[in-house]
Amino acid sequence: MTGEPGVGKTRLMAEFREWVDDQPELVFWRQGRSLSYGEGITYWALGEMVKAQAGVLESDTPEEVIAKLGVAVQEAAEDPSERDWLNASLAPLVGASVAVAGEREESFTAWRRFVEGIASQRPLILVFEDLHWADDALVAFVEHLVEWSSGVPLLVLCSARPELYERHPGWGGGKRNSNTISLSPLGADDTARLLAALLQKAVLPADTQRTLLERAGGNPLYAEEFVRMLSDRGVLTEQGELSDDDIPVPDSVQALIAARLDTLPADRKALLHDGAVVGKVFWAGAVASMGDRDEGFVRAGMHELARKELVRSARTSSVSDQAEYSFWHLLVRDVAYSQIPRAERARKHVAAAEWLERMAGERVTDHAELLAYHYEQALGLARAAAGDASETSRLEALAFRFLGLAGDRAKTLDLQKAKAYFCRALDLAPDDLERARTLLTIAEVADVGDLQRMRDARQEAYELFLRHGDELGAGEALVGMSWDAWMSGAGSEAAGMLDEATELLERHPPGARAFARLQAARRKGHDPRSRRGSVDLVAAVPRPRRGAGPPRALHVCLAVPRSCSVRPRRR
Ligand SMILES: Nc1ncnc2c1ncn2[C@@H]1O[C@H](COP(=O)(O)OP(=O)(O)OP(=O)(O)O)[C@@H](O)[C@H]1O
Ligand SMILES: [Mg+2]
């Protein structure tokens with residue numbers, strides 16, 4: 001479903017949900033929204049759905065998350081032999097895994113199987129809200145799901161502003177089993193009716209009404225906000241009559257909302273500003289800690305703002321023991337955010353991040369993308385203001401740390417995205433050694449096809465490690481370099497590198513990560529003197545899943561020139 005902001009997409013879905021709830025048949029309704037942060041947090045909306053299905057809270061410990069996911073998988077997977085696979089594939093979505101992602105197709109297949117498993121218990125409706133903010137990988141998953149799911153009662157509903165088509169011009173078009181509903185603005189008569197219903201008894205002066213219909217452009221949000229503005233100003237009496245004829249008619253719905261926010265007392269407005277920094281959804285504790293306020297004061301303020309229909313409080317919170325709120329409409333958040341003086345934004349982003357970090361506790365990696373967003377935002381603002389240099393470098397260090405963790409989270413889900421995070425981290429590396437380590441990570445997530453990039457990254461890392469006398473680091477870089485050389489068929493060069501790595505590493509006590517790499521290199525047989533290893537690699541290929549593409553290990557074997565002899569696995 002597509003349409004301009006405020007035209008009624010969310011409302012239509014809510015009406016549909018009510019209709020569904022009234023049906024005698026029980027239906028699973030799972031909803032996830034994409035956030036307006038940067039290019040979107042990897043698979044966030046899907047993660048929300050899986051968390052809701054499993055009953056996972058943001059504040060749960062990793063053990064609780066794994067246990068809850070296990071139960072959900074058990075209920076959804078008919079075939080017990082699939083459970084481990086599903087658990088492993090779903091874990092990164094709910095922030096319970098740090099393993100490196102497999103092929104995207106394989107994850108998609110697993111997630112689809114899970115969705116189908118839920119839908120086979122009872123009809124399932126999946127709602128992806130605000131898909132225009134989704135990361136590309138999520139959009140690809142939605143397409144996969146709609147294309148491949150069959151045999152179960154499943155409805156996938158997406159809402160998006162038209163800008164979705166800028167990034168995905170072919171979205172929905174020509175797909176089997178899919179329809180696009182494009183919501184157009186209300187006509188003048190309908191807008192007038194809506195307005196009349198909202199105003200109850202009051203009748204606007206004819207001039208005002210005419211200007212208003214023109215400026216509203218059939219946008220129901222405009223009509224609603226206009227009437228709320230009248231109540232805010234006390235122009236609309238309790239009896240639903242107008243006490244004043246002098247009514248401003250702002251140009252756009254944003255201007256209208258801004259005008260409403262300007263009538264709030266300063267302390268209430270500050271609450272909204274702080275909430276807006278956290279996002280569409282925020283928590284009393286966050287706002288309290290951002291402004292050094294008492295939580296009771298925040299809750300009382302929010303109660304008042306909810307009465308004015310600027311925010312609403314959530315029935316259930318995704319953070320235990322925390323009152324949760326969301327902006328009545330996203331545009332209210334956007335306008336509130338835009339009102340914060342730039343100088344204050346940086347400080348607020350940092351305060352929001354600090355609260356989120358405390359809340360996330362051990363599961364900080366699951367929230368790392370959000371934290372990285374806040375710190376990058378703060379850093380950008382601090383740099384633009386060219387203020388305190390020590391604060392800027394503190395922010396650089398924080399952004400570096402969380403970009404690295406964000407890369408780790410994305411690595412479990414989408415390697416492209418992970419690479420983007422690590423590359424951004426690289427620019428912020430505080431010293432040569434951190435830079436070298438980040439380079440190694442980038443090489444690790446680079447595409448098999450991007451051999452040159454891997455080589456350059458490892459070469460630079462190797463030189464940096466050597467320059468600073470870090471032999472373990474240099475050894476680890478060499479192991480990787482030998483793999484790159486071997487992949488491109490340079491066998492003797494690879495052998496030389498592995499020997500040099502061995503020499504460097506053997507000067508140190510065993511147990512370091514680099515040793516594990518070296519041993520794995522020998523075991524997997526990219527020791528060029530042995531061909532046995534490539535066969536081992538094939539033997540390690542897991543049994544293919546139904547509908548999945550060839551397993552990753554097989555891709556690797558097939559990508560290796562010359563040195564690989566592929567033999568079917570014996571059972
Ligand atoms: N047909 C309608 N009749 C009455 N009110 C409506 C209608 N459509 C929308 N509204 C009201 O207008 C407001 C804005 O609608 P909604 O939030 O659904 O917009 P949206 O299209 O989802 O916008 P966004 O792209 O910003 O998410 C809501 O408060 C909604 O209740
Ligand atoms: Mg909406």
# chains A, B, ... in the order shown; residues from 1 in each chain; ligands from 1

call {"tool": "residues_near_ligand", "arguments": {"ligand": "ligand 2", "cutoff": "8 Å", "atoms": "only C-alpha atoms and all ligand atoms", "output": "MDAnalysis selection string"}}
result
chainID A and resid 5:6 8:11 129:130 159:160 329:330

call {"tool": "write_last_selection", "arguments": {"atoms": "all heavy atoms", "output": "CSV table (one decimal), in the first residue's frame"}}
result
chain,number,residue,atom,x,y,z
A,5,PRO,N,2.8,10.8,3.0
A,5,PRO,CA,2.7,10.9,4.4
A,5,PRO,C,1.3,11.4,4.9
A,5,PRO,O,0.9,12.4,4.4
A,5,PRO,CB,3.8,11.8,4.9
A,5,PRO,CG,4.7,12.0,3.7
A,5,PRO,CD,3.9,11.6,2.5
A,6,GLY,N,0.7,10.7,5.8
A,6,GLY,CA,-0.5,11.2,6.4
A,6,GLY,C,-1.8,10.9,5.6
A,6,GLY,O,-2.9,11.3,6.0
A,8,GLY,N,-3.2,8.0,5.1
A,8,GLY,CA,-4.1,7.0,5.7
A,8,GLY,C,-3.6,5.5,5.6
A,8,GLY,O,-4.5,4.6,5.8
A,9,LYS,N,-2.4,5.3,5.3
A,9,LYS,CA,-1.9,3.9,5.1
A,9,LYS,C,-2.0,3.1,6.4
A,9,LYS,O,-2.6,2.0,6.5
A,9,LYS,CB,-0.5,3.8,4.6
A,9,LYS,CG,-0.3,4.6,3.3
A,9,LYS,CD,1.2,4.5,2.9
A,9,LYS,CE,2.1,5.4,3.7
A,9,LYS,NZ,1.9,6.8,3.7
A,10,THR,N,-1.5,3.7,7.5
A,10,THR,CA,-1.5,3.1,8.8
A,10,THR,C,-2.9,2.9,9.3
A,10,THR,O,-3.3,1.8,9.8
A,10,THR,CB,-0.6,3.9,9.8
A,10,THR,OG1,0.7,4.0,9.2
A,10,THR,CG2,-0.6,3.2,11.1
A,11,ARG,N,-3.7,3.9,9.0
A,11,ARG,CA,-5.1,3.8,9.4
A,11,ARG,C,-5.9,2.7,8.8
A,11,ARG,O,-6.6,1.9,9.4
A,11,ARG,CB,-5.8,5.2,9.1
A,11,ARG,CG,-7.3,5.3,9.4
A,11,ARG,CD,-7.6,5.1,10.9
A,11,ARG,NE,-9.0,5.2,11.1
A,11,ARG,CZ,-9.7,6.3,11.3
A,11,ARG,NH1,-9.1,7.5,11.4
A,11,ARG,NH2,-11.0,6.2,11.5
A,129,GLU,N,5.6,-2.3,8.0
A,129,GLU,CA,5.3,-0.9,7.9
A,129,GLU,C,6.5,0.0,7.4
A,129,GLU,O,7.6,-0.3,7.8
A,129,GLU,CB,4.8,-0.4,9.2
A,129,GLU,CG,3.3,-0.5,9.4
A,129,GLU,CD,2.7,0.8,9.9
A,129,GLU,OE1,2.6,1.8,9.1
A,129,GLU,OE2,2.4,0.9,11.1
A,130,ASP,N,6.2,1.0,6.7
A,130,ASP,CA,7.2,2.0,6.3
A,130,ASP,C,8.4,1.3,5.6
A,130,ASP,O,9.5,1.6,5.9
A,130,ASP,CB,7.6,2.8,7.5
A,130,ASP,CG,6.5,3.6,8.1
A,130,ASP,OD1,5.6,4.0,7.3
A,130,ASP,OD2,6.4,3.8,9.3
A,159,SER,N,3.4,-1.3,3.8
A,159,SER,CA,3.0,0.1,3.5
A,159,SER,C,4.3,0.9,3.2
A,159,SER,O,5.4,0.6,3.8
A,159,SER,CB,2.3,0.7,4.7
A,159,SER,OG,3.3,1.0,5.8
A,160,ALA,N,4.2,1.9,2.3
A,160,ALA,CA,5.3,2.7,2.0
A,160,ALA,C,4.9,4.0,1.4
A,160,ALA,O,3.9,4.1,0.7
A,160,ALA,CB,6.2,1.9,1.0
A,329,HIS,N,1.9,10.5,15.5
A,329,HIS,CA,2.3,10.3,14.1
A,329,HIS,C,3.7,10.6,13.9
A,329,HIS,O,4.3,11.5,14.5
A,329,HIS,CB,1.4,11.2,13.2
A,329,HIS,CG,1.4,10.8,11.8
A,329,HIS,ND1,2.3,11.3,10.9
A,329,HIS,CD2,0.6,10.0,11.1
A,329,HIS,CE1,2.1,10.7,9.7
A,329,HIS,NE2,1.1,9.9,9.8
A,330,LEU,N,4.3,9.9,12.9
A,330,LEU,CA,5.8,10.1,12.7
A,330,LEU,C,6.1,11.5,12.3
A,330,LEU,O,7.2,12.0,12.7
A,330,LEU,CB,6.2,9.2,11.5
A,330,LEU,CG,6.9,8.0,11.9
A,330,LEU,CD1,7.1,7.1,10.7
A,330,LEU,CD2,8.2,8.3,12.5

call {"tool": "residues_near_ligand", "arguments": {"ligand": "ligand 1", "cutoff": "10 Å", "atoms": "only C-alpha atoms and all ligand atoms", "output": "ChimeraX atom specification"}}
result
/A:1-15,129-132,159-162,183-186,190-191,193-195,197-198,218-225,309,328-332,334

call {"tool": "closest_residue", "arguments": {"among": "A:Val139, A:Val364, A:Met359, A:Ala119", "to": "A:Ala96", "atoms": "only C-alpha atoms"}}
result
A:Val364

call {"tool": "residues_around", "arguments": {"residues": "A:Glu354", "least_positions_apart": "5", "cutoff": "9 Å", "atoms": "only C-alpha atoms", "output": "list in words"}}
result
Ala286, Met290, His349, Met359 and Leu371 of chain A

call {"tool": "write_last_selection", "arguments": {"atoms": "N, CA, C and O atoms", "output": "CSV table (one decimal), in the first residue's frame"}}
result
chain,number,residue,atom,x,y,z
A,286,ALA,N,14.4,6.6,29.3
A,286,ALA,CA,15.3,7.3,28.4
A,286,ALA,C,15.2,8.8,28.5
A,286,ALA,O,16.2,9.6,28.7
A,290,MET,N,17.9,11.4,29.9
A,290,MET,CA,18.5,12.4,29.0
A,290,MET,C,18.4,13.8,29.5
A,290,MET,O,19.3,14.7,29.2
A,349,HIS,N,21.8,13.0,21.4
A,349,HIS,CA,22.1,11.7,20.8
A,349,HIS,C,23.0,10.9,21.7
A,349,HIS,O,22.8,9.7,21.9
A,359,MET,N,20.4,-0.1,28.9
A,359,MET,CA,19.2,-0.9,28.8
A,359,MET,C,19.6,-2.3,28.1
A,359,MET,O,19.2,-3.3,28.5
A,371,LEU,N,23.0,2.2,18.2
A,371,LEU,CA,24.0,3.0,19.0
A,371,LEU,C,24.9,3.7,18.0
A,371,LEU,O,25.3,4.8,18.2

call {"tool": "residues_around", "arguments": {"residues": "A:Asp60", "least_positions_apart": "4", "cutoff": "10 Å", "atoms": "only C-alpha atoms", "output": "PyMOL selection string"}}
result
chain A and resi 55-56+64-66+68+318-320+359-363

call {"tool": "select_by_dssp", "arguments": {"residues": "stretch 107-229 of chain A", "states": "strand (DSSP E or B)", "output": "ChimeraX atom specification"}}
result
/A:124-129,154-158,160,182

call {"tool": "select_by_dssp", "arguments": {"residues": "stretch 178-355 of chain A", "states": "helix (DSSP H, G or I)", "output": "PyMOL selection string"}}
result
chain A and resi 188-199+206-216+220-232+253-262+266-278+284-290+295-307+330-339+342-355

call {"tool": "closest_residue", "arguments": {"among": "A:Leu413, A:Ala314, A:Ala343, A:Ile442", "to": "A:Leu381", "atoms": "only C-alpha atoms"}}
result
A:Ala343

call {"tool": "closest_residue", "arguments": {"among": "A:Asp456, A:Glu396, A:Glu295, A:Asp450", "to": "A:Gln322", "atoms": "only C-alpha atoms"}}
result
A:Glu295

call {"tool": "residues_around", "arguments": {"residues": "A:Gln209", "least_positions_apart": "3", "cutoff": "12 Å", "atoms": "only C-alpha atoms", "output": "list in words"}}
result
Ala188, Asp189, Thr191, Ala192, Arg193, Leu195, Ala196, Leu199, Ala202, Val203, Leu204, Pro205, Ala206, Leu212, Leu213, Glu214, Arg215, Ala216, Ala223, Phe226, Val227, Asp245, Ile247, Pro248 and Val249 of chain A

call {"tool": "closest_residue", "arguments": {"among": "A:Leu426, A:Leu272, A:Ala110, A:Leu405", "to": "A:Ala306", "atoms": "only C-alpha atoms"}}
result
A:Leu272

call {"tool": "closest_residue", "arguments": {"among": "A:Val115, A:Arg315, A:Ala501, A:Arg104", "to": "A:Ala72", "atoms": "only C-alpha atoms"}}
result
A:Val115

call {"tool": "residues_around", "arguments": {"residues": "A:Tyr37", "least_positions_apart": "2", "cutoff": "12 Å", "atoms": "only C-alpha atoms", "output": "list in words"}}
result
Arg33, Ser34, Leu35, Glu39, Gly40, Ile41, Thr42, Trp44, Asp130, His132, Trp133, Ala134, Asp135, Val277, Val278, Gly279, Lys280, Asp334, Glu369, Leu370, Leu371, Ala372, Tyr373, His374, Glu376 and Gln377 of chain A
